[in-house]
Amino acid sequence: MMQTKLKLAVLALCCSPMTFAQTPQNNATMQEQADKPVDESAFTFTEAQLDEDENMSQNVTIVGSNNNAYASRIGFLFSPMRFRYRALNQRYNEVYVNGTPMNDMENGQFSFSAVVGGLNHQTRGYETSLPFEDNTFAMSGLAGSQNYNFRPAAMSTGHRLTLSAANRSYVARGIYSYNSGLNAKGWAFSAGVGYRWAKEGYVEGTFYNSLSYFLGVQKVTRDGHHSIALTTWGSPTERGQQIASTDEMYWIANDRQYNANWGWQDGKKRNSRVVTNFTPSAILTWDWNIDNTTKLTTSLFGQYGMDKRTRLNYNNSDNPRPDYYKMMPSNFYDVWGGTERYQTAQNREDWNTAYEYLSSEKAHRQIDWNRLYEANRVAASQGADAMYYLQARRLDHLRLSLASTLNKQLGKNKTMHLGIVGATNRARHYQTMEDLLGATSFHNVNNYAIGRYAQTDNRVQYDLNNPDKAVEEGDVFGYDYKILVNKAHLWSSYVENIGSLHYMLSGRLGYTDMQRDGKMRNGMAPDNSYGKGDKAKFVDGGMKFGSSLNLGGGNTITLGIGYEHRAPQSRDAFVAPEVNNDFVSELKNEHVFSSEIGYMLQTTRLHANINAYYSRMTHISEWQNFYDDDANSFTYVSMNGIKKHYYGIEAGVKVKVFDFLDAKLIGTLSEAKNINNANVWYMSSQTGTFNDNVPNHETETVYNKGMHEAGTPLTAVSLGLSFHKNGWFIDLNCNYYDRIYLSYSPAYRYAETLKNRQEVFGDVYDVDGEIRHDAVAQTKGKGGFMLDGSIGKSLYLRHGHRLSINLMVTNILNNEKLCTGGYEQSRSSYSATSLNERTYKFDRNPMKFYAFGTNGMLNVTYNF
C-alpha cells in the first residue's frame with residue numbers, strides 16, 4: 001500500500017541534490033561551511049540504505065568534490081545499489097573526526113551506522129578529498145578521505161528539528177539538535193538527540209530501534225589563540241536482520257525480499273539474527289593558532305564498542321533454516337536437465353510435494369520455533385544436550401588514539417602539513433549462549449569433532465583448562481580471544497601554486513603490530529591457543545603526487561600517481577583465530593600502485609569531468625570462514641599472494657539548460673579483478689589441521705584468477721534533470737547498473753575440488769588439459785534500470801526561521817529484479833565422500849539480495 005501511495009505522490013520526481021563537500025582549495029571558513037544550507041537527503045542514505053547486514057556488500061564510499069561533476073554525486077545517487085567508488089573495498093576510504101582516524105583497526109573499514117548513525121545534523125560539515133587531492137588532515141586514501149568537524153563552534157547555530165517517515169529499514173525518525181555558536185565569553189555548546197524506529201522494516205521480520213545522542217562543549221580563549229573542544233556521541237541500536245536466499249526460494253515465496261531469519265512464536269514474529277551494538281565515543285581537541293600562518297591541532301580520541309550478533313545453531317540435528325537446500329523442490333528433481341536418474345516420475349512427485357508444502361502456507365517458509373522447543377524438551381527428558389540453541393557472536397573493543405597536525409602557510413602560494421598519529425586497540429572476540437530454547441543442558445565441547453574422535457579425546461574440548469564445562473545462558477563457550485593492534489604513522493604534504501599549476505606532494509611512514517591473546521586452551525591446538533602468541537610487525541608507507549594545470553578558458557587537466565606499502569589488516573592476518581595463534585603463511589605488506597589522469601571543463605553553463613585511472617595491488621591476503629556441510633565443520637580459509645588491478649573511466653557532465661533547470665549525466669565503466677591464481681590454506685575446525693586432503697599438507701592453488709570485486713556495479717550510468725526555483729527543487733534520475741558480481745567461493749575452485757568435479761561431471765578441463773573458463777566463471781547478478789526522484793520546498797519564515805519539506809522516492813517503477821549482491825554457496829554439487837552427483841546443484845543456486853521495490857522518505861525540517 002505504501003508503495004502505491006508513494007507512486008501517486010510523485011509523478012515527476014528525482015534523486016536529491018548532490019552532497020556538498022569542501023575541498024582544501026575552497027577558501028570558506030569552517031563557520032561558513034557549517035552555515036551553508038545542505039539538503040537533508042544528502043545524508044539519509046548512510047543509515048537507511050547501508051551497512052544493515054554483514055552478509056551484504058560493504059558500504060558505499062562517501063566521496064565528493066565540488067570540482068568533480070562525477071564524484072560529487074555518486075555517494076547518494078548510486079547508494080541503493082551499494083555502489084563503491086572504483087569498486088574498492090571500503091577500507092581504502094579513510095574517515096576522520098577532527099583529524100583523528102576513525103576506520104576500524106581490525107578490518108580497516110568505517111561503519112557509519114555503528115559509529116555516527118543517526119547524527120545527521122552533526123555530520124553535515126566535513127572536508128573531503130579525492131585520491132590525488134590535497135587536504136589539511138592526512139595523505140588522502142586510495143578511495144578518498146573525509147574529515148568530520150565535531151567542534152561545537154563550527155556547527156550551524158540555532159535549533160534544528162527533523163521529523164521523518166519512511167518505508168525503509170526504519171519507518172519513523174526524529175532528530176533534534178541545538179548549537180549555541182560562540183558566545184561573548186568564548187563558549188560554544190552543541191547537543192543533539194535522535195530516535196529511529198520500526199516495528200517492522202521494509203523486509204518482513206526485521207525491526208529497528210535506535211537512539212542517538214551528541215554532546216559537545218568548546219572554549220576559545222579571549223585572544224583566539226587556543227581552543228579546547230570536548231565532544232561525546234553514540235548510537236545504541238538493536239535491529240533484526242535479513243538474510244540472502246536463492247532464486248528458487250524467492251520464486252516459491254513470490255517475494256524477492258523473502259527473509260528466512262524469522263518465524264512465529266506465541267503469536268509474535270521472532271527474528272533469529274538480531275544485531276545489538278553501542279559504540280560510545282569521545283574526542284578532546286586542542287586547536288592552537290600559533291600565529292597567522294601556523295596552526296597546531298591535537299586530538300585525543302577514545303572509544304568503547306560493544307557488538308552482539310545472534311544466530312540460530314544446531315547440534316546433532318537437522319539444519320533449522322527454512323530455506324535449507326534439503327527442503328527445496330530442486331533437491332528432489334533435477335530441474336537443470338543434467339541427470340535422467342533424478343528425473344523419474346517419483347522425483348517429479350517428490351518435487352510437487354516439496355513445492356506444495358512450501359508454497360501452501362507462509363509458516364512453512366519460516367522458522368518453526370515451537371518445533372525447536374519441542375525437540376529440546378524431548379532431548380532434555382533423555383538427558384541430552386540442546387539440539388537447537390541461539391548463540392551470540394560478540395566483539396568488545398577499547399580504542400585510544402592521539403593525532404596531532406601542524407598546518408603551516410610557508411608563503412602566499414605554499415602550504416605544508418605535518419601530522420603524527422598513534423593508536424591502540426584491544427578487541428575481545430567471544431561467543432555466548434543467548435538462549436537454550438527450552439533445553440536444560442549444553443557443554444563446551446566441539447560437537448563437529450565428536451564421532452571423528454572419541455568423546456574422551458582432548459581434541460573435542462574447546463577449553464582444556466575447563467573441560468566439559470556446562471554452559472548456561474549468558475556463558476562464554478566455543479572461543480574467547482583478544483586481538484591486540486598498535487599503529488603509528490607520520491605523514492606530511494606540501495602544496496604549492498606556481499602560476500596556473502597547482503601541485504601536491506605527500507608522504508606517509510607507519511608502523512603496525514598485531515598479536516592474538518587466547519583465553520581458551522583449544523584441544524585442537526593445546527600448545528598454541530592459550531595466552532599470547534607471536535607478534536607480527538610491519539613498517540609501511542608511501543608517497544603521492546597530484547597536480548592540476550589550468551589551461552585557460554575553463555580547461556584544466558589533472559594528473560596523479562602514487563605508490564604505497566600497506567600493512568595487512570589483522571582481520572586477514574590470522575588463519576584460524578577462533579582456534580589458535582597462527583598467522584597466515586607469507587603475511588606481507590600490500591603493495592599498491594595508483595594513477596589517474598583527468599580533464600575538466602568549467603564554464604558558466606557547462607561543468608564536465610572525465611577521468612581515467614589505473615591501480616595495481618600485489619601481496620594481498622584475504623580470509624574467510626564458513627560452515628562447510630561437506631565436512632560438517634567450520635572451515636577457515638586463507639588466501640595469499642593475490643594480485644589485483646582496478647582501472648576504468650568515469651565521467652560527469654552538468655549543463656545549465658536554463659537558470660532554473662540543470663541536466664546531469666554521470667557514469668563509469670570499470671574493471672576490478674584478480675589477475676593471478678592464489679595460494680590457499682584452509683583448516684577444518686573438526687580436525688585442526690590444514691589442507692587435509694592435500695598430500696603432505698602442502699599449500700594448494702585456488703583458481704581465482706579473473707574473479708571480480710563483488711557487490712557493486714562495475715558499470716553505472718545516470719541521466720537526470722534538476723529543477724530549482726523559488727525555493728522549490730524537483731529532480732528526476734534514471735540510473736542504469738550492470739556487471740554486478742557475487743562473492744565467489746574459493747572452495748568451489750580449489751585444485752583438488754576441480755579434480756573431483758572433473759571425475760564426476762567431466763566438464764572442468766578441455767582437450768588440452770586446461771581448465772575451461774566456464775568451469776570457474778564467477779556468478780553474476782542481474783542489473784537494469786532504476787528511476788529515482790525527489791521534490792522539496794524551502795520556506796523562509798519570520799525571525800530567520802526556515803521550514804524545509806523533502807520527499808525522496810527510490811525505485812519509482814518498482815523494479816525488484818535488480819540484484820544488489822550475494823554470494824556463491826561454498827558446497828559441491830557432488831557428494832564429497834562418494835563423488836556421486838547430487839540432485840541439488842549448489843553452483844546453480846547462489847544466495848542473492850535484491851534491491852528494495854518502491855521506497856521513500858519524507859523529511860520535514862524546522863530551523864529556528
# chains A, B, ... in the order shown; residues from 1 in each chain; ligands from 1

$ residues_around --residues "Tyr355 in chain A" --least-positions-apart "2" --cutoff "10 Å" --atoms "only C-alpha atoms" --output "ChimeraX atom specification"
/A:249,252,327-330,349-353,357-360

$ residues_around --residues "Gln758 in chain A" --least-positions-apart "4" --cutoff "12 Å" --atoms "only C-alpha atoms" --output "list in words"
Arg749, Ala751, Glu752, Thr753, Leu754, Gly762, Asp763, Val764, Tyr765, Asp766, Gly769, Glu770, Ile771, Arg772, Ala775, Ser829, Tyr830, Leu835, Asn836 and Glu837 of chain A

$ atom_distance --atom1 "CA of Asn845 in chain A" --atom2 "CA of Gln825 in chain A"
7.4 Å

$ residues_around --residues "Asn815 in chain A" --least-positions-apart "3" --cutoff "10 Å" --atoms "only C-alpha atoms" --output "list in words"
Gly784, Phe785, Met786, Leu787, Asn811, Ile812, Leu818, Tyr850, Ala851, Phe852, Gly853 and Thr854 of chain A

$ write_last_selection --atoms "N, CA and C atoms" --output "PDB file, in the first residue's frame"
ATOM      1  N   GLY A 784      20.101  -3.504 -14.438  1.00  0.00           N
ATOM      2  CA  GLY A 784      18.926  -2.909 -15.071  1.00  0.00           C
ATOM      3  C   GLY A 784      18.753  -1.457 -14.671  1.00  0.00           C
ATOM      4  N   PHE A 785      17.545  -0.931 -14.937  1.00  0.00           N
ATOM      5  CA  PHE A 785      17.243   0.479 -14.711  1.00  0.00           C
ATOM      6  C   PHE A 785      16.524   0.688 -13.381  1.00  0.00           C
ATOM      7  N   MET A 786      16.763   1.860 -12.818  1.00  0.00           N
ATOM      8  CA  MET A 786      16.057   2.291 -11.613  1.00  0.00           C
ATOM      9  C   MET A 786      15.773   3.782 -11.742  1.00  0.00           C
ATOM     10  N   LEU A 787      14.540   4.157 -11.502  1.00  0.00           N
ATOM     11  CA  LEU A 787      14.119   5.554 -11.577  1.00  0.00           C
ATOM     12  C   LEU A 787      13.944   6.088 -10.164  1.00  0.00           C
ATOM     13  N   ASN A 811      13.479   3.955  -6.681  1.00  0.00           N
ATOM     14  CA  ASN A 811      12.899   2.851  -7.446  1.00  0.00           C
ATOM     15  C   ASN A 811      11.405   3.081  -7.682  1.00  0.00           C
ATOM     16  N   ILE A 812      11.101   4.218  -8.283  1.00  0.00           N
ATOM     17  CA  ILE A 812       9.706   4.616  -8.514  1.00  0.00           C
ATOM     18  C   ILE A 812       8.951   3.574  -9.327  1.00  0.00           C
ATOM     19  N   LEU A 818      16.576  -6.097  -9.701  1.00  0.00           N
ATOM     20  CA  LEU A 818      17.962  -5.633  -9.585  1.00  0.00           C
ATOM     21  C   LEU A 818      18.661  -6.323  -8.417  1.00  0.00           C
ATOM     22  N   TYR A 850      18.246  -8.561  -3.308  1.00  0.00           N
ATOM     23  CA  TYR A 850      17.662  -7.743  -4.372  1.00  0.00           C
ATOM     24  C   TYR A 850      17.325  -6.361  -3.831  1.00  0.00           C
ATOM     25  N   ALA A 851      17.313  -5.394  -4.723  1.00  0.00           N
ATOM     26  CA  ALA A 851      17.001  -4.011  -4.348  1.00  0.00           C
ATOM     27  C   ALA A 851      15.577  -3.916  -3.826  1.00  0.00           C
ATOM     28  N   PHE A 852      15.376  -3.015  -2.885  1.00  0.00           N
ATOM     29  CA  PHE A 852      14.026  -2.720  -2.420  1.00  0.00           C
ATOM     30  C   PHE A 852      13.180  -2.267  -3.607  1.00  0.00           C
ATOM     31  N   GLY A 853      11.887  -2.589  -3.560  1.00  0.00           N
ATOM     32  CA  GLY A 853      10.964  -2.012  -4.523  1.00  0.00           C
ATOM     33  C   GLY A 853      10.768  -0.530  -4.213  1.00  0.00           C
ATOM     34  N   THR A 854       9.667   0.031  -4.644  1.00  0.00           N
ATOM     35  CA  THR A 854       9.430   1.464  -4.416  1.00  0.00           C
ATOM     36  C   THR A 854       9.508   1.786  -2.929  1.00  0.00           C
TER      37      THR A 854
END

$ atom_distance --atom1 "CA of Asp323 in chain A" --atom2 "CA of Tyr748 in chain A"
21.1 Å

$ residues_around --residues "Asp527 in chain A" --least-positions-apart "4" --cutoff "12 Å" --atoms "only C-alpha atoms" --output "list in words"
Arg459, Asp463, Leu464, Asn465, Gly518, Met520, Arg521, Asn522, Gly523, Gly531, Lys532, Gly533, Val579, Asn580, Asn581 and Asp582 of chain A

$ write_last_selection --atoms "C-alpha atoms" --output "CSV table (one decimal), in the first residue's frame"
chain,number,residue,atom,x,y,z
A,459,ARG,CA,40.8,-32.7,20.8
A,463,ASP,CA,38.9,-25.3,26.6
A,464,LEU,CA,41.2,-27.9,28.2
A,465,ASN,CA,41.5,-25.6,31.2
A,518,GLY,CA,43.8,-16.7,23.7
A,520,MET,CA,40.7,-20.8,26.0
A,521,ARG,CA,43.1,-23.7,25.5
A,522,ASN,CA,41.6,-25.3,22.5
A,523,GLY,CA,42.0,-29.1,22.2
A,531,GLY,CA,47.9,-16.9,26.1
A,532,LYS,CA,49.7,-14.5,23.8
A,533,GLY,CA,51.2,-15.7,20.5
A,579,VAL,CA,41.3,-22.0,17.3
A,580,ASN,CA,45.0,-20.9,17.5
A,581,ASN,CA,47.6,-18.1,17.4
A,582,ASP,CA,48.9,-18.9,13.9

$ residues_around --residues "range 409-412 of chain A" --least-positions-apart "6" --cutoff "9 Å" --atoms "only C-alpha atoms" --output "NGL selection string"
:A and (292-294 or 497)

$ write_last_selection --atoms "N, CA and C atoms" --output "JSON list (two decimals), in the first residue's frame"
[["chain", "number", "residue", "atom", "x", "y", "z"],
["A", 292, "ASN", "N", 49.53, 33.86, 12.62],
["A", 292, "ASN", "CA", 48.61, 33.98, 11.48],
["A", 292, "ASN", "C", 48.84, 32.94, 10.40],
["A", 293, "THR", "N", 49.98, 32.28, 10.42],
["A", 293, "THR", "CA", 50.30, 31.31, 9.36],
["A", 293, "THR", "C", 50.50, 29.89, 9.89],
["A", 294, "THR", "N", 50.36, 29.70, 11.18],
["A", 294, "THR", "CA", 50.68, 28.39, 11.76],
["A", 294, "THR", "C", 49.58, 27.95, 12.72],
["A", 497, "ASN", "N", 51.20, 26.54, -5.47],
["A", 497, "ASN", "CA", 50.68, 27.08, -6.72],
["A", 497, "ASN", "C", 51.78, 27.86, -7.42]]

$ select_by_dssp --residues "range 521-706 of chain A" --states "strand (DSSP E)" --output "ChimeraX atom specification"
/A:531-552,555-566,590-602,606-628,633-658,661-674,678-684,700-702

$ closest_residue --among "A:Tyr70, A:Ser190, A:Leu161, A:Gly688" --to "Gly652 in chain A" --atoms "only C-alpha atoms"
A:Tyr70

$ residues_around --residues "range 268-274 of chain A" --least-positions-apart "4" --cutoff "9 Å" --atoms "only C-alpha atoms" --output "list in words"
Gly205, Thr206, Phe207, Glu238, Arg239, Gly240, Gln241, Gln242, Ile243, Ala260, Asn261, Trp262, Gly263, Trp264, Lys308, Arg309, Thr310, Arg311, Leu312, Ile367, Trp369 and Leu390 of chain A

$ residues_around --residues "His489 in chain A" --least-positions-apart "3" --cutoff "8 Å" --atoms "only C-alpha atoms" --output "list in words"
Ile420, Val421, Gly422, Arg508, Leu509, Gly510 and Tyr511 of chain A

$ write_last_selection --atoms "C-alpha atoms" --output "CSV table (one decimal), in the first residue's frame"
chain,number,residue,atom,x,y,z
A,420,ILE,CA,51.6,12.2,13.6
A,421,VAL,CA,49.1,9.6,14.7
A,422,GLY,CA,49.3,6.8,17.3
A,508,ARG,CA,53.5,8.6,4.9
A,509,LEU,CA,55.6,6.3,7.1
A,510,GLY,CA,53.9,4.0,9.5
A,511,TYR,CA,54.3,1.0,11.9

$ select_by_dssp --residues "range 171-273 of chain A" --states "alpha helix (DSSP H)" --output "list in words"
Asp247, Glu248, Met249, Tyr250, Trp251, Ile252 and Ala253 of chain A

$ closest_residue --among "A:Lys588, A:His708, A:Arg428, A:Arg160" --to "Lys519 in chain A" --atoms "only C-alpha atoms"
A:Arg428
